[in-house]
Each structure stands twice: as structure tokens, then as C-alpha cells.
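Asker: Contents are JSON, C-alpha atoms; file name data-v2.json:
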```json
[["chain", "number", "residue", "atom", "x", "y", "z"],
["S", 175, "MET", "CA", 9.92, -13.94, 11.12],
["S", 176, "VAL", "CA", 6.81, -16.05, 11.65],
["S", 177, "SER", "CA", 6.34, -18.74, 14.25],
["S", 178, "PRO", "CA", 3.54, -20.36, 16.23],
["S", 179, "TYR", "CA", 5.02, -18.97, 19.47],
["S", 180, "ALA", "CA", 3.75, -15.83, 21.16],
["S", 181, "GLY", "CA", 6.28, -13.00, 21.34],
["S", 182, "THR", "CA", 7.85, -13.55, 17.93],
["S", 183, "THR", "CA", 7.05, -10.08, 16.56],
["S", 184, "ARG", "CA", 8.91, -7.44, 18.51],
["S", 185, "ASP", "CA", 9.65, -4.69, 16.02],
["S", 186, "THR", "CA", 6.98, -2.80, 14.15],
["S", 187, "ILE", "CA", 6.82, -3.85, 10.52],
["S", 188, "GLU", "CA", 5.49, -1.27, 8.04],
["S", 189, "VAL", "CA", 4.05, -2.01, 4.60],
["S", 190, "HIS", "CA", 2.99, 0.79, 2.26],
["S", 191, "LEU", "CA", -0.03, -0.06, 0.10],
["S", 192, "ASN", "CA", -2.10, 1.56, -2.60],
["S", 193, "LEU", "CA", -5.73, 0.71, -1.83],
["S", 194, "GLY", "CA", -8.10, 2.06, -4.45],
["S", 195, "GLY", "CA", -5.60, 4.80, -5.26],
["S", 196, "TYR", "CA", -5.21, 5.86, -1.64],
["S", 197, "PRO", "CA", -1.86, 5.57, 0.13],
["S", 198, "VAL", "CA", -2.15, 3.38, 3.20],
["S", 199, "THR", "CA", 0.48, 2.28, 5.69],
["S", 200, "VAL", "CA", -0.23, -0.97, 7.50],
["S", 201, "ILE", "CA", 1.85, -1.65, 10.60],
["S", 202, "ASP", "CA", 2.18, -5.09, 12.16],
["S", 203, "THR", "CA", 3.17, -4.87, 15.80],
["S", 204, "ALA", "CA", 3.85, -7.14, 18.72],
["S", 205, "GLY", "CA", 0.84, -8.73, 20.35],
["S", 206, "LEU", "CA", -0.38, -7.18, 23.57],
["S", 207, "ARG", "CA", 0.07, -9.47, 26.53],
["S", 208, "GLU", "CA", 1.76, -9.60, 29.90],
["S", 209, "THR", "CA", 5.34, -10.81, 29.82],
["S", 210, "HIS", "CA", 8.50, -10.77, 31.91],
["S", 211, "ASP", "CA", 10.80, -10.71, 28.88],
["S", 212, "PRO", "CA", 12.29, -7.17, 28.72],
["S", 213, "ILE", "CA", 12.75, -7.26, 24.94],
["S", 214, "GLU", "CA", 9.18, -8.38, 24.37],
["S", 215, "ARG", "CA", 7.96, -5.69, 26.80],
["S", 216, "GLU", "CA", 9.74, -3.08, 24.64],
["S", 217, "GLY", "CA", 8.00, -4.45, 21.53],
["S", 218, "ILE", "CA", 4.65, -4.21, 23.31],
["S", 219, "ALA", "CA", 5.38, -0.63, 24.39],
["S", 220, "ARG", "CA", 6.16, 0.26, 20.77],
["S", 221, "ALA", "CA", 2.93, -1.43, 19.64],
["S", 222, "ARG", "CA", 0.90, 0.60, 22.14],
["S", 223, "ALA", "CA", 2.58, 3.84, 21.00],
["S", 224, "ARG", "CA", 1.84, 3.09, 17.33],
["S", 225, "ALA", "CA", -1.79, 2.22, 18.14],
["S", 226, "ALA", "CA", -2.19, 5.50, 20.02],
["S", 227, "ALA", "CA", -1.06, 7.42, 16.90],
["S", 228, "ALA", "CA", -3.03, 5.33, 14.36],
["S", 229, "ASP", "CA", -6.01, 6.39, 12.26],
["S", 230, "LEU", "CA", -7.43, 2.88, 12.60],
["S", 231, "VAL", "CA", -6.53, -0.10, 14.78],
["S", 232, "VAL", "CA", -7.21, -3.60, 13.51],
["S", 233, "HIS", "CA", -7.05, -5.85, 16.55],
["S", 234, "LEU", "CA", -6.37, -9.44, 15.48],
["S", 235, "SER", "CA", -6.62, -12.38, 17.81],
["S", 236, "ALA", "CA", -6.43, -16.12, 17.36],
["S", 237, "PRO", "CA", -9.66, -18.07, 17.88],
["S", 238, "ASP", "CA", -8.20, -19.88, 20.90],
["S", 239, "ALA", "CA", -6.63, -16.77, 22.47],
["S", 240, "ALA", "CA", -7.84, -15.45, 25.78],
["S", 241, "GLU", "CA", -9.97, -12.33, 25.48],
["S", 242, "GLU", "CA", -7.66, -9.35, 25.60],
["S", 243, "ALA", "CA", -8.42, -5.68, 25.56],
["S", 244, "PRO", "CA", -7.42, -3.82, 22.40],
["S", 245, "PRO", "CA", -4.85, -1.06, 22.77],
["S", 246, "ALA", "CA", -5.96, 2.36, 23.94],
["S", 247, "SER", "CA", -6.50, 4.58, 20.93],
["S", 248, "GLY", "CA", -8.65, 7.50, 19.92],
["S", 249, "ALA", "CA", -9.05, 5.80, 16.54],
["S", 250, "PRO", "CA", -11.74, 3.29, 15.57],
["S", 251, "ILE", "CA", -10.88, -0.28, 16.57],
["S", 252, "TRP", "CA", -11.89, -3.18, 14.36],
["S", 253, "ARG", "CA", -11.77, -6.56, 16.06],
["S", 254, "TYR", "CA", -11.03, -9.56, 13.87],
["S", 255, "ILE", "CA", -10.41, -13.21, 14.61],
["S", 256, "ASN", "CA", -7.52, -14.58, 12.58],
["S", 257, "LYS", "CA", -7.14, -18.23, 11.53],
["S", 258, "ALA", "CA", -10.84, -18.50, 10.67],
["S", 259, "ASP", "CA", -10.05, -21.72, 8.82],
["S", 260, "LEU", "CA", -9.62, -23.35, 12.25],
["S", 261, "LEU", "CA", -13.11, -22.32, 13.38],
["S", 262, "ALA", "CA", -16.20, -24.48, 13.15],
["S", 263, "GLY", "CA", -18.94, -22.39, 11.57],
["S", 264, "THR", "CA", -19.03, -18.82, 10.40],
["S", 265, "GLN", "CA", -17.96, -16.00, 12.68],
["S", 266, "GLY", "CA", -18.58, -12.27, 12.16],
["S", 267, "ASN", "CA", -15.25, -10.58, 11.62],
["S", 268, "ALA", "CA", -13.16, -13.67, 11.00],
["S", 269, "ILE", "CA", -10.41, -13.97, 8.41],
["S", 270, "SER", "CA", -7.92, -16.57, 7.31],
["S", 271, "VAL", "CA", -4.80, -15.24, 5.68],
["S", 272, "THR", "CA", -3.65, -18.72, 4.64],
["S", 273, "GLN", "CA", -7.00, -19.68, 3.05],
["S", 274, "GLY", "CA", -8.08, -16.20, 1.97],
["S", 275, "GLN", "CA", -11.37, -16.49, 3.84],
["S", 276, "GLY", "CA", -12.89, -13.08, 4.53],
["S", 277, "MET", "CA", -9.93, -11.24, 3.01],
["S", 278, "ASP", "CA", -11.82, -9.67, 0.09],
["S", 279, "ASP", "CA", -14.39, -8.17, 2.47],
["S", 280, "PHE", "CA", -11.63, -7.01, 4.83],
["S", 281, "VAL", "CA", -9.66, -5.30, 2.04],
["S", 282, "ALA", "CA", -12.86, -3.69, 0.67],
["S", 283, "ARG", "CA", -13.72, -2.40, 4.13],
["S", 284, "LEU", "CA", -10.17, -1.09, 4.62],
["S", 285, "THR", "CA", -10.27, 0.61, 1.19],
["S", 286, "GLY", "CA", -13.58, 2.24, 2.10],
["S", 287, "PHE", "CA", -12.11, 3.49, 5.36],
["S", 288, "ALA", "CA", -9.07, 4.94, 3.54],
["S", 289, "ALA", "CA", -11.38, 6.71, 1.07],
["S", 290, "SER", "CA", -13.46, 8.14, 3.92],
["S", 291, "GLN", "CA", -10.34, 9.70, 5.45],
["S", 292, "MET", "CA", -9.51, 11.68, 2.31],
["S", 293, "PRO", "CA", -11.06, 15.08, 1.60],
["S", 294, "GLN", "CA", -14.20, 14.66, -0.49],
["S", 295, "GLY", "CA", -13.95, 15.56, -4.14],
["S", 296, "ASP", "CA", -10.19, 15.06, -4.32],
["S", 297, "ALA", "CA", -8.78, 12.51, -6.70],
["S", 298, "PRO", "CA", -6.63, 9.77, -5.19],
["S", 299, "MET", "CA", -3.03, 10.82, -4.66],
["S", 300, "LEU", "CA", -0.14, 9.65, -6.75],
["S", 301, "THR", "CA", 1.88, 7.42, -4.46],
["S", 302, "ARG", "CA", 5.15, 7.29, -6.40],
["S", 303, "ALA", "CA", 7.36, 10.29, -7.14],
["S", 304, "ARG", "CA", 8.40, 8.92, -10.53],
["S", 305, "HIS", "CA", 4.74, 8.59, -11.61],
["S", 306, "ARG", "CA", 4.23, 12.26, -10.76],
["S", 307, "GLN", "CA", 7.38, 13.21, -12.70],
["S", 308, "HIS", "CA", 6.22, 11.34, -15.80],
["S", 309, "LEU", "CA", 2.76, 12.89, -15.64],
["S", 310, "GLU", "CA", 4.21, 16.38, -15.19],
["S", 311, "ALA", "CA", 6.50, 15.85, -18.19],
["S", 312, "CYS", "CA", 3.53, 14.66, -20.25],
["S", 313, "ARG", "CA", 1.47, 17.68, -19.17],
["S", 314, "GLY", "CA", 4.29, 20.05, -20.11],
["S", 315, "GLU", "CA", 4.54, 18.54, -23.58],
["S", 316, "LEU", "CA", 0.76, 18.73, -24.09],
["S", 317, "ILE", "CA", 0.79, 22.41, -23.12],
["S", 318, "ALA", "CA", 3.69, 22.99, -25.55],
["S", 319, "ALA", "CA", 1.75, 21.17, -28.30],
["S", 320, "GLN", "CA", -1.28, 23.41, -27.75],
["S", 321, "SER", "CA", 0.86, 26.52, -28.01],
["S", 322, "ARG", "CA", 2.32, 25.41, -31.39],
["S", 323, "ASP", "CA", -0.87, 25.28, -33.43],
["S", 324, "ASP", "CA", 0.97, 27.29, -36.12],
["S", 325, "ASP", "CA", 3.42, 24.44, -36.83],
["S", 326, "PRO", "CA", 1.97, 20.93, -37.15],
["S", 327, "VAL", "CA", 5.43, 19.33, -37.25],
["S", 328, "LEU", "CA", 6.44, 20.80, -33.89],
["S", 329, "GLN", "CA", 3.00, 20.05, -32.52],
["S", 330, "ALA", "CA", 3.38, 16.41, -33.53],
["S", 331, "GLU", "CA", 6.82, 16.29, -31.92],
["S", 332, "HIS", "CA", 5.42, 17.59, -28.61],
["S", 333, "LEU", "CA", 2.63, 14.99, -28.78],
["S", 334, "ARG", "CA", 5.22, 12.27, -29.41],
["S", 335, "LEU", "CA", 7.22, 13.45, -26.40],
["S", 336, "ALA", "CA", 4.04, 13.54, -24.28],
["S", 337, "ALA", "CA", 3.30, 9.93, -25.19],
["S", 338, "GLN", "CA", 6.93, 9.00, -24.55],
["S", 339, "ALA", "CA", 6.70, 10.51, -21.05],
["S", 340, "LEU", "CA", 3.95, 7.99, -20.28],
["S", 341, "GLY", "CA", 5.81, 5.19, -22.04],
["S", 342, "PRO", "CA", 7.46, 3.65, -18.97],
["S", 343, "HIS", "CA", 3.99, 2.65, -17.75],
["S", 344, "ARG", "CA", 2.96, 0.85, -20.93],
["S", 345, "PRO", "CA", 4.31, -2.44, -22.21],
["S", 346, "HIS", "CA", 6.57, -2.16, -25.23],
["S", 347, "ARG", "CA", 5.41, -4.49, -27.98],
["S", 348, "HIS", "CA", 7.70, -3.93, -30.92],
["S", 349, "ARG", "CA", 11.15, -3.04, -29.81],
["S", 350, "ARG", "CA", 13.92, -3.28, -32.31],
["S", 351, "PRO", "CA", 17.20, -4.52, -30.94],
["S", 352, "ALA", "CA", 19.90, -1.86, -30.81],
["S", 353, "ARG", "CA", 22.40, -2.23, -33.62],
["S", 354, "ARG", "CA", 25.96, -1.16, -33.67],
["S", 355, "ASP", "CA", 28.68, -1.76, -36.19],
["S", 356, "PHE", "CA", 31.82, -3.10, -34.62],
["S", 357, "PRO", "CA", 35.15, -2.77, -36.47]]
```
Step by step, read the file and then write its structure as C-alpha cells.

Answerer:
Amino acid sequence: MVSPYAGTTRDTIEVHLNLGGYPVTVIDTAGLRETHDPIEREGIARARARAAAADLVVHLSAPDAAEEAPPASGAPIWRYINKADLLAGTQGNAISVTQGQGMDDFVARLTGFAASQMPQGDAPMLTRARHRQHLEACRGELIAAQSRDDDPVLQAEHLRLAAQALGPHRPHRHRRPARRDFP
């Protein structure tokens, strides 16, 4: 739910992304402000708890918002001004989601941060179980093909199966419609 009124976001909203091959979870939380509304206070408490456990906190504020302290966290805190399209002139860390202003730099910076958190020398992780299953099936067929160098027909069959294991990730160009004779 989106609205121009403060206090709209109360639950944490998680989105799982693949940034440069790295799995990233972005969590949108309630804004941090003083309130007497008990439900909104619970949302703020949840936001503070998530910030305390985060690897990175991106603290967004509107250009006309009063200066507020970011949540306590042992993680780095990036401060950004949202709704940059409403600002006169260029600001440092200002973005506009609706106009896209500053978003490419923000995503590049976020991708760089995700990469810096991964062990050096490791390839990016596969983020979908089915991708891993298809690659493992392909690998198995390639190993089987290598072991059958005495029989080119079986070797070709294993190579066909290896390619077929990757097939779900490639567009199919020439599919024949299934045919069936009906009585």
C-alpha cells in the first residue's frame, strides 16, 4: 500500500533480488518517527529490529522531512533523499524512484556492496534451486559423455541430454505441434 501519509508502511516488506549474480534481500520498513498509534509503534519497533540485524541500512527521507536519526545498527548506513525530482538543483545522494533519477548509480553502488560482502574468488551463487538442478543434470550428462569415448552414439546421446538439461533456459524456436490421431 502506498500513500502520501506518514505511517502507511507498518509491516516489513521483503524483496529478493539478483544483483550482479549476488542474492540480495531488500527490506522496506516503517519510517522511524514518534507516534502515539500503537500499531504504528509496533511497525517502527520491527523496523528497528530489522535494521539492527542488517548488513547495510539505506536510510531514505523525503526532501521536506525533518532531520531524523537513522536507526541504530552496526552496519554501514547510507543516507539518501528520496523524491529528488521535487528538489531544485542537484543533491549528493538523491534519488527519484518515479523519474529514475540517480537509480542507476544507486543500484550500481548496491551491487558493488553485495559483491564486497562475498568471499573473494568465489563465483556468484545460483539463486534458484531449479537452476542448480538443471546445471547438475547437465554436468552429470557431460561426465557420462566423457566416460563413453568408446561409443560415439552413446556419447552423442549424453551430449543431447546435457543440452536438453539446459533447454528450459533457452527460447525454443522451432517447436512442432504435438500430433495425435483421434478415432

Asker: Which of these, S:Met292, S:Ala336, S:Ile269, S:Ile187, has the shortest distance to Arg224 (chain S) once you count only C-alpha atoms?

Answerer: S:Ile187

Asker: Using only C-alpha atoms, which residues sit within 10 Å of Ala339 (chain S) once same-chain residues fewer than 4 positions away are excluded, as a list in words?

Answerer: His305, Gln307, His308, Leu309, Glu310, Ala311, Cys312, Arg313, Gly314, Glu315, Leu333, Arg334, Leu335 and His343 of chain S

Asker: Of the residues S:Ser321, S:Asn256, S:Thr285, S:Thr209, which is the one nearest to Gly194 (chain S), using only C-alpha atoms?

Answerer: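 Smallest distance to Gly194 (chain S) is found for S:Thr285.
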
Asker: Enclose region 268-281 of chain S, meaning all of its atoms listed in the file, in a box aligned along x, y and z, pad it by 6 Å on each side, and list the centre and edge lengths in Å to one decimal, as lines of an AutoDock Vina configuration file.

Answerer:
```
center_x = -9.0
center_y = -12.5
center_z = 5.5
size_x = 22.7
size_y = 26.4
size_z = 22.9
```

Asker: Just the number, please: distance in Å from CA of Thr186 (chain S) to CA of Arg283 (chain S), one decimal.

Answerer: 23.0 Å

Asker: Counting all atoms listed in the file, write as a CSV table (one decimal) with C-alpha atoms, keeping the file's coordinate frame all protein and nucleic acid residues lying at most 12 Å from (-3.9, -18.4, 3.7) in the file's frame.

Answerer:
```
chain,number,residue,atom,x,y,z
S,256,ASN,CA,-7.5,-14.6,12.6
S,257,LYS,CA,-7.1,-18.2,11.5
S,258,ALA,CA,-10.8,-18.5,10.7
S,259,ASP,CA,-10.0,-21.7,8.8
S,260,LEU,CA,-9.6,-23.4,12.2
S,269,ILE,CA,-10.4,-14.0,8.4
S,270,SER,CA,-7.9,-16.6,7.3
S,271,VAL,CA,-4.8,-15.2,5.7
S,272,THR,CA,-3.6,-18.7,4.6
S,273,GLN,CA,-7.0,-19.7,3.0
S,274,GLY,CA,-8.1,-16.2,2.0
S,275,GLN,CA,-11.4,-16.5,3.8
S,276,GLY,CA,-12.9,-13.1,4.5
S,277,MET,CA,-9.9,-11.2,3.0
```

Asker: Choose the residue, out of S:Val327, S:Gly286, S:Asn267, S:Ile201, that has the smallest atom-to-atom separation from Ala227 (chain S); count only C-alpha atoms.

Answerer: S:Ile201

Asker: When you look at Leu193 (chain S) with a cut-off of 8 Å (counting only C-alpha atoms), what residues show up, excluding the ones that are within fewer than 3 positions of it in the same chain? I need them as a PDB file with C-alpha atoms, in the frame of the given file.

Answerer:
```pdb
ATOM      1  CA  TYR S 196      -5.210   5.860  -1.640  1.00  0.00           C
ATOM      2  CA  PRO S 197      -1.860   5.570   0.130  1.00  0.00           C
ATOM      3  CA  VAL S 198      -2.150   3.380   3.200  1.00  0.00           C
ATOM      4  CA  THR S 285     -10.270   0.610   1.190  1.00  0.00           C
ATOM      5  CA  ALA S 288      -9.070   4.940   3.540  1.00  0.00           C
TER       6      ALA S 288
END
```

Asker: Rounded to one decimal in Å, what is the spacing between CA of Asn192 (chain S) and CA of Ala289 (chain S)?

Answerer: 11.2 Å

Asker: I'd like to know which of S:Val189, S:Val232, S:Asp323, S:Pro250 is closest to Phe280 (chain S), using only C-alpha atoms.

Answerer: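 Going through S:Val189, S:Val232, S:Asp323, S:Pro250 one by one, the smallest distance to Phe280 (chain S) is for S:Val232.
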
Asker: What separation in Å, quoted to one decimal, exists between CA of Asp325 (chain S) and CA of Arg306 (chain S)?

Answerer: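 Interatomic distance, CA of Asp325 (chain S) to CA of Arg306 (chain S): 28.8 Å.
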